[in-house]
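S.K.: Let me give you the structure first, and then I'll get to my questions.
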Amino acid sequence: MNQAFKKRGLAGVGVLAVSALVLSGCATAADDSSDGESSTDADSGDSSSSEVVELNLATVNNPQMVDMESLKGEFEAEYPNIKVNFIVMEEGDLRDSVTRDIATSGGQYDIMTIGAYEVPIWGNNGWLADLTDLAGNDAEYDVDDVLEPVRAGLSANDRLYAVPFYGESSFTMYNKEIFEEAGLTMPDRPTWDEVADLAKQIVEGGYADAGICLRGKPGWGDGVAAMHTVAQTFGGAIYDMDWNPTINSPEFVEAIDFYTSLARDYGQDDPVGSSFPECLNNVKNGSSAMWYDATSAAGSLEAADSPVAGKMGYAYAPVKETDQSGWLWSWNLAIPETTEKLDEAWTFLRWATSKEYLELVGNEIGWANVPPGSRASIYENPEYQEAASAFADITVEIMNDVNPSQPGLNPQPWTGIQFVSIPEFQDVGNRLGQDLAPVFAGTATAQEVLDEAAATYVKDAGDAQK
Amino acid sequence: MSKVQAPDKKDAPKVEKIRYDKNGKRVRSLAVPRSLLWPALVAAIVLTQIPFLATVYFSTQRWNLLRPDDRGFAGFDNYAKVFSGSELYSSLEATFVITGTSVLLSLVFGLGLALLLNRTFFGRGVARTLLITPFLVMPAAASLAWKWNLMDANFGLFRWVMNSLGFDAIQWNTDVPIISVILVLVWQFMPFMMLILLAGLQSQDSDILEAAALDGAGKIKIFFLMTIPHLRQYIEIGVLLGTILLLATFDPIFILTGGSGGTKTLPVLLYEKAFIALEVGQAAAYGVITVILTIIFATLLLRTVFRIFSQQGVR
């Protein structure tokens with residue numbers, strides 16, 4: 001998700017670039033790609049069309065999947081009877097396209113890339129092939145190596161419906177240079193009060209423009225994801241065990257008040273316009289001293305071209321009442337129930353989410369490009385440890401630490417941290433984000449927005465679960 | 001035409017009938033020309049009415065794409081939900097504020113630019129082309145350029161200008177979401193109004209203006225008493241087309257504010273219901289209501305508003 005937000009921003013730049021290319025008559029790029037497609041089609045047709053099975057894979061345009069597409073030749077060399085067509089889309093288009101395809105039994109795709117939010121819902125609907133036995137009976141695949149919280153999030157009624165190729169949690173990132181200059185230290189496991197105090201000292205001392213960068217952009221996967229984890233560690237929850245809205249509870253309101261005023265007083269400019277890409281910019285150019293966001297951000301901050309590479313420190317997600325906070329997200333591969341090529345599709349899934357694949361990416365593309373957060377074994381690989389020394393250990397610790405079954409103080413009737421796994425949540429989360437936007441500006445209060453939400457759309461969505 | 005009678009087979013079955021209307025003009029049978037229209041008419045009905053009927057049908061269904069087991073006939077439940085909720089009304093308000101303000105402001109600024117371009121100066125062609133450009137840029141690309149190059153809180157040009165002048169940067173999305181959307185829309189539609197009004201200005205007879213000047217009318221008087229009445233029908237068409245185009249605006253709102261801060265117009269709301277909430281039934285109900293409201297609004301606009309304009313023009 002968060003990875004994808006970055007994509008969304010980049011996609012924006014991409015649209016500009018593409019339009020520029022189109023304007024400058026760059027027809028060659030398009031020609032090249034279509035030529036490539038048709039020539040491979042022709043090849044497969046020539047060899048033995050009756051034996052070769054073609055798989056259509058719908059996927060998201062994030063770096064991990066682009067790398068996978070470039071490595072699919074290795075797979076096809078190993079399994080010459082299977083050919084995989086990548087249909088790469090932007091996150092919003094992908095979600096739209098695969099949802100419609102699967103909801104109407106379209107059967108357009110044999111493998112789908114879906115987020116952690118969709119897996120349990122679709123699994124419960126009987127839309128996805130059950131992978132429990134395929135994965136569990138395969139000792140070599142070693143499904144237990146997949147990080148436990150990630151695996152838990154991909155199951156419904158104890159059946160596994162998808163396998164992850166990328167996972168992330170959230171944590172606190174801070175600029176060690178600014179902290180050193182200000183004479184401050186970041187605790188390894190900070191509380192939100194400590195973080196707010198650090199942000200205050202940094203801004204008042206003039207060490208940086210913003211003490212902390214916080215997402216505020218409307219969208220269930222943008223600002224709401226971050227605010228939801230804060231509300232949970234403050235002891236709030238959107239619903240109680242009986243699906244009654246508790247979103248206007250004092251704890252939830254206090255959390256939103258805290259978050260919005262921290263953003264307003266000691267945060268970056270224009271919080272409602274900020275999500276992952278904006279904050280990444282902010283932290284890279286040193287105008288924000290801290291950042292609470294996805295663990296995958298570390299890869300970008302430590303990249304060779306980043307001005308803050310080697311200057312960043314990483315700590316656990318800030319907490320208040322709970323022992324740990326931090327969200328849990330993964331991008332996964334799943335097989336629609338409608339496919340007639342289950343065996344071949346599983347063969348590809350098995351390859352693409354195996355230990356060997358992660359090593360293949362490390363050797364062929366670079367150890368910093370290895371998809372993080374899916375398997376425990378990669379964190380013991382010395383080459384990966386060296387490439388990701390600044391954040392590898394803490395990432396895997398946090399990812400093993402989070403509890404998607406009960407992230408808050410009280411039990412919840414669904415599995416998942418920054419989202420509620422109900423079909424209505426995309427709409428509820430989006431409206432919540434839009435309604436909370438004026439709270440950042442101070443033109444509405446958290447109490448009145450959350451009271452209204454609890455009486456209307458949050459209640460309606462809860463009632464639909466009863 | 002109204003007197004044309006249906007061909008009567010009993011009277012003269014095989015002779016081509018020649019009939020005359022009450023003024024003695026020969027009336028040709030319209031059967032062949034009418035039958036030639038049928039293919040086009042059928043295509044038009046298939047292309048426009050069947051999707052609409054399908055939408056009406058979907059609007060009576062209880063259907064969330066993610067709940068395949070819970071699908072069925074819902075009667076008017078979807079409509080009841082739409083009217084009892086607050087979303088439709090706040091969205092209508094947002095649509096009205098954003099469309100109305102954008103149309104008015106682009107009309108005013110477009111008129112200003114048209115007046116400037118309506119005089120001869122060196123490089124007028126270049127100036128005109130440059131001024132038209134915003135209208136030719138794809139809305140999504142324009143919105144992204146505004147978002148990242150101008151309004152961005154880190155690197156935006158506006159921030160740099162404000163800081164250079166010693167002011168705090170404007171927090172576009174947080175503090176003034178509606179204004180940021182309107183700004184982009186006005187920037188995009190100003191050239192459209194300018195083109196229409198410029199055509200009006202150039203069709204004004206310079207002799208009349210000269211005569212008025214000789215009679216002692218000042219420039220301001222000429223402008224308000226002669227140019228504006230002359231431009232009346234151009235203003236009307238500009239307002240009508242501008243309103244139609246702006247009502248359907250989606251990209252700048254989706255890209256800049258994501259529908260927050262009172263910018264969730266009807267198209268954005270429809271998109272959210274259909275593609276984010278995946279509520280097919282409710283989205284269809286919103287669609288049907290939007291069509292009805294648009295028809296009512298367009299009729300009112302055409303009949304009432306323009307009658308006032310015409311009466312003023314007569315004076």
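Lettering and numbering for the structure tokens are positional, with chains as A, B, ... in the shown order, residues counted from 1 in each chain, and ligands counted from 1 in the shown order.
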Could you work out which residues of chain B fall inside 6 Å of chain A? Count only C-alpha atoms, and format the result as an NGL selection string.
M.R.: :B and (65-66 or 141 or 153 or 171 or 173-175 or 260 or 276-277)
S.K.: Those selected residues, please, written with N, CA and C atoms and delivered as a compact mmCIF listing (two decimals), in the first residue's frame.
M.R.:
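And here is the file that came out, selection-v6.txt:
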```txt
# COMPACT_ATOMS: atom_id res chain seq x y z
N LEU B 65 -20.31 -5.11 -4.95
CA LEU B 65 -19.48 -6.07 -5.68
C LEU B 65 -18.79 -7.06 -4.75
N LEU B 66 -18.44 -6.59 -3.54
CA LEU B 66 -17.71 -7.45 -2.63
C LEU B 66 -18.63 -8.36 -1.81
N ALA B 141 -3.00 16.35 -16.59
CA ALA B 141 -1.62 16.84 -16.62
C ALA B 141 -1.53 18.23 -16.00
N ALA B 153 4.13 21.72 -1.04
CA ALA B 153 4.56 22.37 0.20
C ALA B 153 6.08 22.39 0.36
N GLN B 171 -1.01 26.97 2.79
CA GLN B 171 -1.18 25.52 2.89
C GLN B 171 -2.40 25.14 2.06
N ASN B 173 -3.83 22.52 0.41
CA ASN B 173 -4.81 21.45 0.66
C ASN B 173 -5.44 21.55 2.03
N THR B 174 -4.67 22.04 2.99
CA THR B 174 -5.16 22.05 4.36
C THR B 174 -6.10 23.22 4.60
N ASP B 175 -5.67 24.42 4.23
CA ASP B 175 -6.43 25.61 4.61
C ASP B 175 -7.42 26.06 3.54
N SER B 260 -11.74 16.25 -0.37
CA SER B 260 -11.86 16.74 1.01
C SER B 260 -12.14 18.24 1.02
N ILE B 276 -14.87 2.93 -5.40
CA ILE B 276 -14.21 2.75 -4.11
C ILE B 276 -15.14 1.98 -3.18
N ALA B 277 -16.41 2.44 -3.09
CA ALA B 277 -17.35 1.69 -2.26
C ALA B 277 -17.81 0.42 -2.96
```
S.K.: Write out as an NGL selection string each polymer residue whose atoms come within 12 Å of range 288-292 of chain B, counting only C-alpha atoms; drop sequence neighbours fewer than 3 positions from it.
M.R.: :B and (51-60 or 78-80 or 82-83 or 88-89 or 91-92 or 95 or 247-248 or 265-270 or 281-285 or 295-299)
S.K.: Would you mind exporting N, CA and C atoms of the selected residues as a compact mmCIF listing (two decimals), in the first residue's frame?
M.R.:
```txt
# COMPACT_ATOMS: atom_id res chain seq x y z
N PRO B 51 -27.95 2.07 -22.09
CA PRO B 51 -27.15 2.24 -20.87
C PRO B 51 -27.92 2.93 -19.77
N PHE B 52 -28.75 3.91 -20.16
CA PHE B 52 -29.51 4.61 -19.12
C PHE B 52 -30.52 3.68 -18.46
N LEU B 53 -31.20 2.89 -19.30
CA LEU B 53 -32.17 1.94 -18.73
C LEU B 53 -31.47 0.92 -17.85
N ALA B 54 -30.28 0.49 -18.28
CA ALA B 54 -29.51 -0.45 -17.46
C ALA B 54 -29.19 0.20 -16.11
N THR B 55 -28.84 1.50 -16.15
CA THR B 55 -28.54 2.20 -14.91
C THR B 55 -29.77 2.25 -14.01
N VAL B 56 -30.92 2.51 -14.63
CA VAL B 56 -32.15 2.54 -13.84
C VAL B 56 -32.39 1.18 -13.21
N TYR B 57 -32.16 0.12 -13.99
CA TYR B 57 -32.35 -1.23 -13.45
C TYR B 57 -31.38 -1.47 -12.27
N PHE B 58 -30.11 -1.15 -12.48
CA PHE B 58 -29.13 -1.37 -11.40
C PHE B 58 -29.50 -0.58 -10.15
N SER B 59 -30.11 0.59 -10.35
CA SER B 59 -30.41 1.42 -9.20
C SER B 59 -31.49 0.81 -8.31
N THR B 60 -32.18 -0.21 -8.83
CA THR B 60 -33.18 -0.88 -7.99
C THR B 60 -32.62 -2.17 -7.38
N ASN B 78 -32.29 2.18 -2.50
CA ASN B 78 -31.08 2.94 -2.82
C ASN B 78 -31.38 4.43 -2.88
N TYR B 79 -32.54 4.75 -3.46
CA TYR B 79 -32.92 6.16 -3.55
C TYR B 79 -33.20 6.72 -2.15
N ALA B 80 -33.85 5.90 -1.34
CA ALA B 80 -34.14 6.35 0.02
C ALA B 80 -32.84 6.65 0.76
N VAL B 82 -29.98 7.49 -0.57
CA VAL B 82 -29.36 8.69 -1.13
C VAL B 82 -29.99 9.94 -0.54
N PHE B 83 -31.34 9.94 -0.49
CA PHE B 83 -32.00 11.17 -0.03
C PHE B 83 -31.95 11.34 1.48
N LEU B 88 -25.48 13.60 -0.63
CA LEU B 88 -26.00 14.22 -1.85
C LEU B 88 -26.05 15.74 -1.69
N TYR B 89 -26.53 16.18 -0.52
CA TYR B 89 -26.74 17.63 -0.35
C TYR B 89 -25.41 18.37 -0.25
N SER B 91 -22.72 17.38 -1.52
CA SER B 91 -22.10 17.30 -2.83
C SER B 91 -22.72 18.30 -3.80
N LEU B 92 -24.04 18.48 -3.71
CA LEU B 92 -24.70 19.48 -4.55
C LEU B 92 -24.16 20.87 -4.23
N THR B 95 -20.75 21.17 -5.72
CA THR B 95 -20.83 21.32 -7.17
C THR B 95 -21.26 22.73 -7.54
N LEU B 247 -19.35 21.14 -14.93
CA LEU B 247 -20.14 20.24 -14.09
C LEU B 247 -19.52 18.84 -14.07
N ALA B 248 -18.88 18.49 -15.17
CA ALA B 248 -18.33 17.14 -15.27
C ALA B 248 -16.88 17.07 -14.79
N THR B 265 -17.60 17.05 -5.45
CA THR B 265 -18.68 17.35 -6.37
C THR B 265 -19.36 16.06 -6.80
N LEU B 266 -20.45 16.20 -7.55
CA LEU B 266 -21.21 15.01 -7.96
C LEU B 266 -20.36 13.98 -8.72
N PRO B 267 -19.55 14.40 -9.69
CA PRO B 267 -18.75 13.37 -10.38
C PRO B 267 -17.81 12.62 -9.43
N VAL B 268 -17.21 13.33 -8.48
CA VAL B 268 -16.30 12.67 -7.54
C VAL B 268 -17.08 11.72 -6.66
N LEU B 269 -18.25 12.16 -6.20
CA LEU B 269 -19.08 11.31 -5.36
C LEU B 269 -19.49 10.04 -6.11
N LEU B 270 -19.89 10.21 -7.38
CA LEU B 270 -20.29 9.06 -8.19
C LEU B 270 -19.14 8.08 -8.33
N GLY B 281 -25.49 -0.63 -6.88
CA GLY B 281 -26.86 -0.14 -6.80
C GLY B 281 -26.93 1.32 -6.41
N GLN B 282 -26.20 1.66 -5.33
CA GLN B 282 -26.25 3.06 -4.88
C GLN B 282 -25.64 4.00 -5.90
N ALA B 283 -24.53 3.57 -6.52
CA ALA B 283 -23.90 4.42 -7.52
C ALA B 283 -24.87 4.68 -8.67
N ALA B 284 -25.61 3.65 -9.08
CA ALA B 284 -26.58 3.83 -10.16
C ALA B 284 -27.67 4.80 -9.74
N ALA B 285 -28.11 4.69 -8.47
CA ALA B 285 -29.14 5.61 -7.99
C ALA B 285 -28.62 7.05 -8.03
N ILE B 295 -30.83 17.68 -15.96
CA ILE B 295 -31.84 18.09 -16.92
C ILE B 295 -32.64 19.28 -16.37
N ILE B 296 -33.04 19.18 -15.11
CA ILE B 296 -33.79 20.29 -14.50
C ILE B 296 -32.95 21.56 -14.52
N PHE B 297 -31.70 21.43 -14.11
CA PHE B 297 -30.83 22.60 -14.02
C PHE B 297 -30.62 23.23 -15.40
N ALA B 298 -30.35 22.37 -16.39
CA ALA B 298 -30.09 22.90 -17.73
C ALA B 298 -31.33 23.59 -18.28
N THR B 299 -32.51 23.01 -18.03
CA THR B 299 -33.74 23.63 -18.50
C THR B 299 -33.93 25.01 -17.86
```
S.K.: Considering only C-alpha atoms, return as a count of residues only whatever protein or nucleic-acid residues lie within 9 Å of Met312 in chain A, sequence-local ones (same chain, fewer than 3 positions apart) excluded.
M.R.: 11
S.K.: I need the alpha helix (DSSP H) residues of range 212-269 of chain B per DSSP on the backbone, written as a ChimeraX atom specification.
M.R.: /B:212-214,219-222,228-247,251-256,266-269
S.K.: Using N, CA and C atoms, can you write the selected residues to a file as an mmCIF file, in the first residue's frame?
M.R.:
```cif
data_model
loop_
_atom_site.group_PDB
_atom_site.id
_atom_site.type_symbol
_atom_site.label_atom_id
_atom_site.label_comp_id
_atom_site.auth_asym_id
_atom_site.auth_seq_id
_atom_site.Cartn_x
_atom_site.Cartn_y
_atom_site.Cartn_z
ATOM 1 N N ALA B 212 -20.454 56.370 -31.856
ATOM 2 C CA ALA B 212 -20.765 56.620 -30.452
ATOM 3 C C ALA B 212 -19.735 57.552 -29.851
ATOM 4 N N ALA B 213 -18.456 57.330 -30.211
ATOM 5 C CA ALA B 213 -17.400 58.184 -29.673
ATOM 6 C C ALA B 213 -17.604 59.618 -30.148
ATOM 7 N N LEU B 214 -17.995 59.778 -31.422
ATOM 8 C CA LEU B 214 -18.233 61.116 -31.955
ATOM 9 C C LEU B 214 -19.388 61.795 -31.234
ATOM 10 N N LYS B 219 -15.343 55.984 -22.979
ATOM 11 C CA LYS B 219 -14.987 54.567 -23.182
ATOM 12 C C LYS B 219 -15.774 53.652 -22.255
ATOM 13 N N ILE B 220 -15.962 54.103 -21.014
ATOM 14 C CA ILE B 220 -16.671 53.265 -20.048
ATOM 15 C C ILE B 220 -18.124 53.112 -20.457
ATOM 16 N N LYS B 221 -18.720 54.207 -20.891
ATOM 17 C CA LYS B 221 -20.118 54.154 -21.335
ATOM 18 C C LYS B 221 -20.261 53.248 -22.547
ATOM 19 N N ILE B 222 -19.352 53.394 -23.494
ATOM 20 C CA ILE B 222 -19.421 52.534 -24.684
ATOM 21 C C ILE B 222 -19.350 51.082 -24.274
ATOM 22 N N ILE B 228 -21.131 45.365 -23.951
ATOM 23 C CA ILE B 228 -21.693 44.264 -23.155
ATOM 24 C C ILE B 228 -23.018 43.765 -23.743
ATOM 25 N N PRO B 229 -23.964 44.656 -24.093
ATOM 26 C CA PRO B 229 -25.182 44.142 -24.746
ATOM 27 C C PRO B 229 -24.876 43.387 -26.030
ATOM 28 N N HIS B 230 -23.890 43.874 -26.778
ATOM 29 C CA HIS B 230 -23.539 43.174 -28.009
ATOM 30 C C HIS B 230 -23.010 41.771 -27.694
ATOM 31 N N LEU B 231 -22.277 41.661 -26.576
ATOM 32 C CA LEU B 231 -21.680 40.380 -26.216
ATOM 33 C C LEU B 231 -22.679 39.425 -25.582
ATOM 34 N N ARG B 232 -23.908 39.889 -25.354
ATOM 35 C CA ARG B 232 -24.857 39.109 -24.565
ATOM 36 C C ARG B 232 -24.925 37.647 -24.990
ATOM 37 N N GLN B 233 -25.144 37.421 -26.304
ATOM 38 C CA GLN B 233 -25.336 36.027 -26.698
ATOM 39 C C GLN B 233 -24.041 35.238 -26.612
ATOM 40 N N TYR B 234 -22.924 35.923 -26.730
ATOM 41 C CA TYR B 234 -21.645 35.216 -26.567
ATOM 42 C C TYR B 234 -21.436 34.833 -25.104
ATOM 43 N N ILE B 235 -21.835 35.740 -24.212
ATOM 44 C CA ILE B 235 -21.743 35.425 -22.780
ATOM 45 C C ILE B 235 -22.645 34.248 -22.449
ATOM 46 N N GLU B 236 -23.864 34.291 -23.046
ATOM 47 C CA GLU B 236 -24.800 33.188 -22.782
ATOM 48 C C GLU B 236 -24.208 31.851 -23.181
ATOM 49 N N ILE B 237 -23.672 31.805 -24.396
ATOM 50 C CA ILE B 237 -23.167 30.519 -24.875
ATOM 51 C C ILE B 237 -21.940 30.106 -24.057
ATOM 52 N N GLY B 238 -21.140 31.095 -23.670
ATOM 53 C CA GLY B 238 -19.976 30.798 -22.836
ATOM 54 C C GLY B 238 -20.381 30.222 -21.496
ATOM 55 N N VAL B 239 -21.385 30.843 -20.873
ATOM 56 C CA VAL B 239 -21.837 30.364 -19.567
ATOM 57 C C VAL B 239 -22.433 28.966 -19.705
ATOM 58 N N LEU B 240 -23.221 28.773 -20.766
ATOM 59 C CA LEU B 240 -23.868 27.468 -20.932
ATOM 60 C C LEU B 240 -22.837 26.361 -21.138
ATOM 61 N N LEU B 241 -21.934 26.579 -22.120
ATOM 62 C CA LEU B 241 -20.943 25.541 -22.407
ATOM 63 C C LEU B 241 -19.988 25.372 -21.228
ATOM 64 N N GLY B 242 -19.583 26.493 -20.628
ATOM 65 C CA GLY B 242 -18.678 26.414 -19.483
ATOM 66 C C GLY B 242 -19.293 25.632 -18.338
ATOM 67 N N THR B 243 -20.579 25.887 -18.091
ATOM 68 C CA THR B 243 -21.252 25.165 -17.000
ATOM 69 C C THR B 243 -21.302 23.675 -17.295
ATOM 70 N N ILE B 244 -21.644 23.342 -18.548
ATOM 71 C CA ILE B 244 -21.731 21.917 -18.896
ATOM 72 C C ILE B 244 -20.376 21.245 -18.715
ATOM 73 N N LEU B 245 -19.323 21.907 -19.214
ATOM 74 C CA LEU B 245 -17.993 21.295 -19.113
ATOM 75 C C LEU B 245 -17.537 21.207 -17.659
ATOM 76 N N LEU B 246 -17.789 22.268 -16.890
ATOM 77 C CA LEU B 246 -17.286 22.289 -15.514
ATOM 78 C C LEU B 246 -18.074 21.375 -14.586
ATOM 79 N N LEU B 247 -19.347 21.144 -14.929
ATOM 80 C CA LEU B 247 -20.137 20.237 -14.091
ATOM 81 C C LEU B 247 -19.517 18.843 -14.066
ATOM 82 N N ASP B 251 -10.907 15.429 -12.751
ATOM 83 C CA ASP B 251 -9.461 15.273 -12.550
ATOM 84 C C ASP B 251 -8.857 16.221 -11.522
ATOM 85 N N PRO B 252 -9.087 17.550 -11.634
ATOM 86 C CA PRO B 252 -8.396 18.449 -10.687
ATOM 87 C C PRO B 252 -8.791 18.163 -9.243
ATOM 88 N N ILE B 253 -10.063 17.833 -9.022
ATOM 89 C CA ILE B 253 -10.514 17.588 -7.653
ATOM 90 C C ILE B 253 -9.914 16.299 -7.134
ATOM 91 N N PHE B 254 -9.960 15.266 -7.960
ATOM 92 C CA PHE B 254 -9.428 13.980 -7.549
ATOM 93 C C PHE B 254 -7.926 14.088 -7.266
ATOM 94 N N ILE B 255 -7.233 14.842 -8.100
ATOM 95 C CA ILE B 255 -5.779 14.912 -7.958
ATOM 96 C C ILE B 255 -5.367 15.875 -6.855
ATOM 97 N N LEU B 256 -6.042 17.014 -6.749
ATOM 98 C CA LEU B 256 -5.581 18.029 -5.791
ATOM 99 C C LEU B 256 -6.045 17.743 -4.367
ATOM 100 N N LEU B 266 -20.448 16.199 -7.552
ATOM 101 C CA LEU B 266 -21.206 15.007 -7.955
ATOM 102 C C LEU B 266 -20.358 13.984 -8.719
ATOM 103 N N PRO B 267 -19.550 14.400 -9.693
ATOM 104 C CA PRO B 267 -18.753 13.370 -10.382
ATOM 105 C C PRO B 267 -17.812 12.625 -9.434
ATOM 106 N N VAL B 268 -17.211 13.332 -8.481
ATOM 107 C CA VAL B 268 -16.305 12.675 -7.543
ATOM 108 C C VAL B 268 -17.084 11.718 -6.655
ATOM 109 N N LEU B 269 -18.245 12.158 -6.201
ATOM 110 C CA LEU B 269 -19.085 11.305 -5.357
ATOM 111 C C LEU B 269 -19.494 10.037 -6.106
#
```
S.K.: Would you mind telling me which residue in B:Leu105, B:Val46, B:Leu116, B:Ala31 lies nearest to Phe189 in chain B when using only C-alpha atoms?
M.R.: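 Among the listed residues, the smallest separation from Phe189 in chain B belongs to B:Leu105.
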S.K.: Go ahead and compute the interatomic distance for CA of Ala454 in chain A and CA of Val253 in chain A, in Å to one decimal.
M.R.: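 Pair CA of Ala454 in chain A / CA of Val253 in chain A returns 11.7 Å.
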S.K.: Restricting the calculation to only C-alpha atoms, which member of A:Asp401, A:Glu344, A:Glu180, A:Asp463 is positioned closest to Asn81 in chain A?
M.R.: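 The answer is A:Glu344, which sits nearest to Asn81 in chain A.
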S.K.: Please provide as number ranges by chain all residues within 8 Å of Val184 in chain B, with the sequence filter that same-chain residues fewer than 5 positions apart are discarded (counting only C-alpha atoms).
M.R.: B: 142-143, 146, 252
S.K.: Once you have the residues from the selection above, write them out as a PDB file, in the first residue's frame, restricted to N, CA and C atoms.
M.R.:
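Here's the written file out-v4.pdb:
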```pdb
ATOM      1  N   ALA B 142      -2.530  19.081 -16.318  1.00  0.00           N
ATOM      2  CA  ALA B 142      -2.531  20.425 -15.753  1.00  0.00           C
ATOM      3  C   ALA B 142      -2.625  20.371 -14.231  1.00  0.00           C
ATOM      4  N   SER B 143      -3.506  19.500 -13.729  1.00  0.00           N
ATOM      5  CA  SER B 143      -3.671  19.411 -12.282  1.00  0.00           C
ATOM      6  C   SER B 143      -2.390  18.934 -11.615  1.00  0.00           C
ATOM      7  N   TRP B 146       0.104  21.756 -11.483  1.00  0.00           N
ATOM      8  CA  TRP B 146      -0.216  22.691 -10.391  1.00  0.00           C
ATOM      9  C   TRP B 146       0.146  22.086  -9.042  1.00  0.00           C
ATOM     10  N   PRO B 252      -9.087  17.550 -11.634  1.00  0.00           N
ATOM     11  CA  PRO B 252      -8.396  18.449 -10.687  1.00  0.00           C
ATOM     12  C   PRO B 252      -8.791  18.163  -9.243  1.00  0.00           C
TER      13      PRO B 252
END
```
S.K.: Set the distance at 9 Å and use only C-alpha atoms: which residues neighbour Lys466 in chain A once local chain neighbours fewer than 4 positions away are removed? I'd like the list as a PDB file with N, CA, C and O atoms, in the first residue's frame.
M.R.:
```
ATOM      1  N   ASP A 242     -19.070  -6.223  18.864  1.00  0.00           N
ATOM      2  CA  ASP A 242     -20.388  -6.433  18.266  1.00  0.00           C
ATOM      3  C   ASP A 242     -20.646  -5.501  17.092  1.00  0.00           C
ATOM      4  O   ASP A 242     -21.800  -5.267  16.726  1.00  0.00           O
ATOM      5  N   TRP A 243     -19.570  -4.971  16.528  1.00  0.00           N
ATOM      6  CA  TRP A 243     -19.671  -4.076  15.377  1.00  0.00           C
ATOM      7  C   TRP A 243     -20.432  -2.792  15.678  1.00  0.00           C
ATOM      8  O   TRP A 243     -21.034  -2.202  14.788  1.00  0.00           O
ATOM      9  N   GLY A 462     -21.076  -0.919  10.073  1.00  0.00           N
ATOM     10  CA  GLY A 462     -21.071  -1.884  11.175  1.00  0.00           C
ATOM     11  C   GLY A 462     -22.337  -2.723  11.174  1.00  0.00           C
ATOM     12  O   GLY A 462     -22.293  -3.942  11.348  1.00  0.00           O
TER      13      GLY A 462
END
```
S.K.: Mind pulling up the distance from CA of Val119 in chain A to CA of Ser155 in chain A?
M.R.: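 Value for the CA of Ser155 in chain A-CA of Val119 in chain A distance: 7.4 Å.
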S.K.: Mind the document's chain letters and residue numbers, and return as a PyMOL selection string the residues of range 65-167 of chain A that DSSP labels strand (DSSP E or B).
M.R.: chain A and resi 82-89+111-115+128+146+155-156+159-160+163-167
S.K.: Quick one: residues within 10 Å of Ser296 in chain A, only C-alpha atoms counted, chain neighbours fewer than 6 positions away excluded, as a short mmCIF file (atom, residue, chain, number, x, y, z; two decimals) with N, CA, C and O atoms, in the first residue's frame?
M.R.:
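Output (selection.cif):
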```
data_model
loop_
_atom_site.label_atom_id
_atom_site.label_comp_id
_atom_site.auth_asym_id
_atom_site.auth_seq_id
_atom_site.Cartn_x
_atom_site.Cartn_y
_atom_site.Cartn_z
N ASN A 2 1.69 1.30 1.04
CA ASN A 2 2.48 2.51 1.17
C ASN A 2 3.47 2.64 0.04
O ASN A 2 3.74 3.69 -0.47
N GLN A 3 3.97 1.45 -0.31
CA GLN A 3 4.84 1.42 -1.46
C GLN A 3 4.08 2.00 -2.64
O GLN A 3 4.59 2.77 -3.43
N TYR A 166 5.94 -9.27 -0.63
CA TYR A 166 6.43 -8.01 -0.08
C TYR A 166 5.58 -7.66 1.13
O TYR A 166 4.37 -7.83 1.11
N GLY A 167 6.19 -7.26 2.24
CA GLY A 167 5.41 -6.89 3.41
C GLY A 167 6.05 -5.71 4.12
O GLY A 167 7.25 -5.44 3.96
N GLU A 168 5.25 -4.99 4.88
CA GLU A 168 5.80 -3.84 5.59
C GLU A 168 5.02 -3.57 6.86
O GLU A 168 3.85 -3.97 6.99
N SER A 169 5.68 -2.90 7.79
CA SER A 169 4.99 -2.36 8.95
C SER A 169 5.29 -0.86 8.96
O SER A 169 5.69 -0.31 7.94
N SER A 170 5.08 -0.21 10.09
CA SER A 170 5.43 1.21 10.16
C SER A 170 6.34 1.43 11.35
O SER A 170 6.28 0.69 12.33
N PHE A 171 7.20 2.43 11.25
CA PHE A 171 8.10 2.74 12.36
C PHE A 171 8.51 4.21 12.35
O PHE A 171 8.04 4.99 11.51
N PRO A 371 12.68 -7.77 -2.31
CA PRO A 371 11.41 -7.41 -1.68
C PRO A 371 11.47 -7.69 -0.18
O PRO A 371 11.74 -8.83 0.21
N PRO A 372 11.24 -6.70 0.65
CA PRO A 372 11.37 -6.90 2.10
C PRO A 372 10.11 -7.48 2.71
O PRO A 372 9.05 -7.51 2.09
N GLY A 373 10.25 -7.94 3.94
CA GLY A 373 9.09 -8.20 4.78
C GLY A 373 8.24 -9.39 4.43
O GLY A 373 7.10 -9.46 4.86
N PHE A 391 18.44 -0.96 8.62
CA PHE A 391 17.04 -1.14 8.96
C PHE A 391 16.55 -2.58 8.91
O PHE A 391 15.42 -2.85 9.30
N THR A 395 13.29 -3.93 11.06
CA THR A 395 12.12 -4.22 10.24
C THR A 395 11.56 -5.60 10.58
O THR A 395 10.35 -5.75 10.85
#
```
S.K.: One decimal, in Å: what's the spacing between CA of Met112 in chain A and CA of Asn332 in chain A?
M.R.: 8.1 Å
S.K.: With a distance cut-off of 10 Å and only C-alpha atoms, select the neighbouring residues of range 121-129 of chain B, excluding the residue or stretch itself and same-chain residues fewer than 4 positions from it, and output the selection as a list in words.
M.R.: Leu113, Ala114, Leu116, Leu117, Thr133, Pro134, Pro191, Met194 and Leu195 of chain B
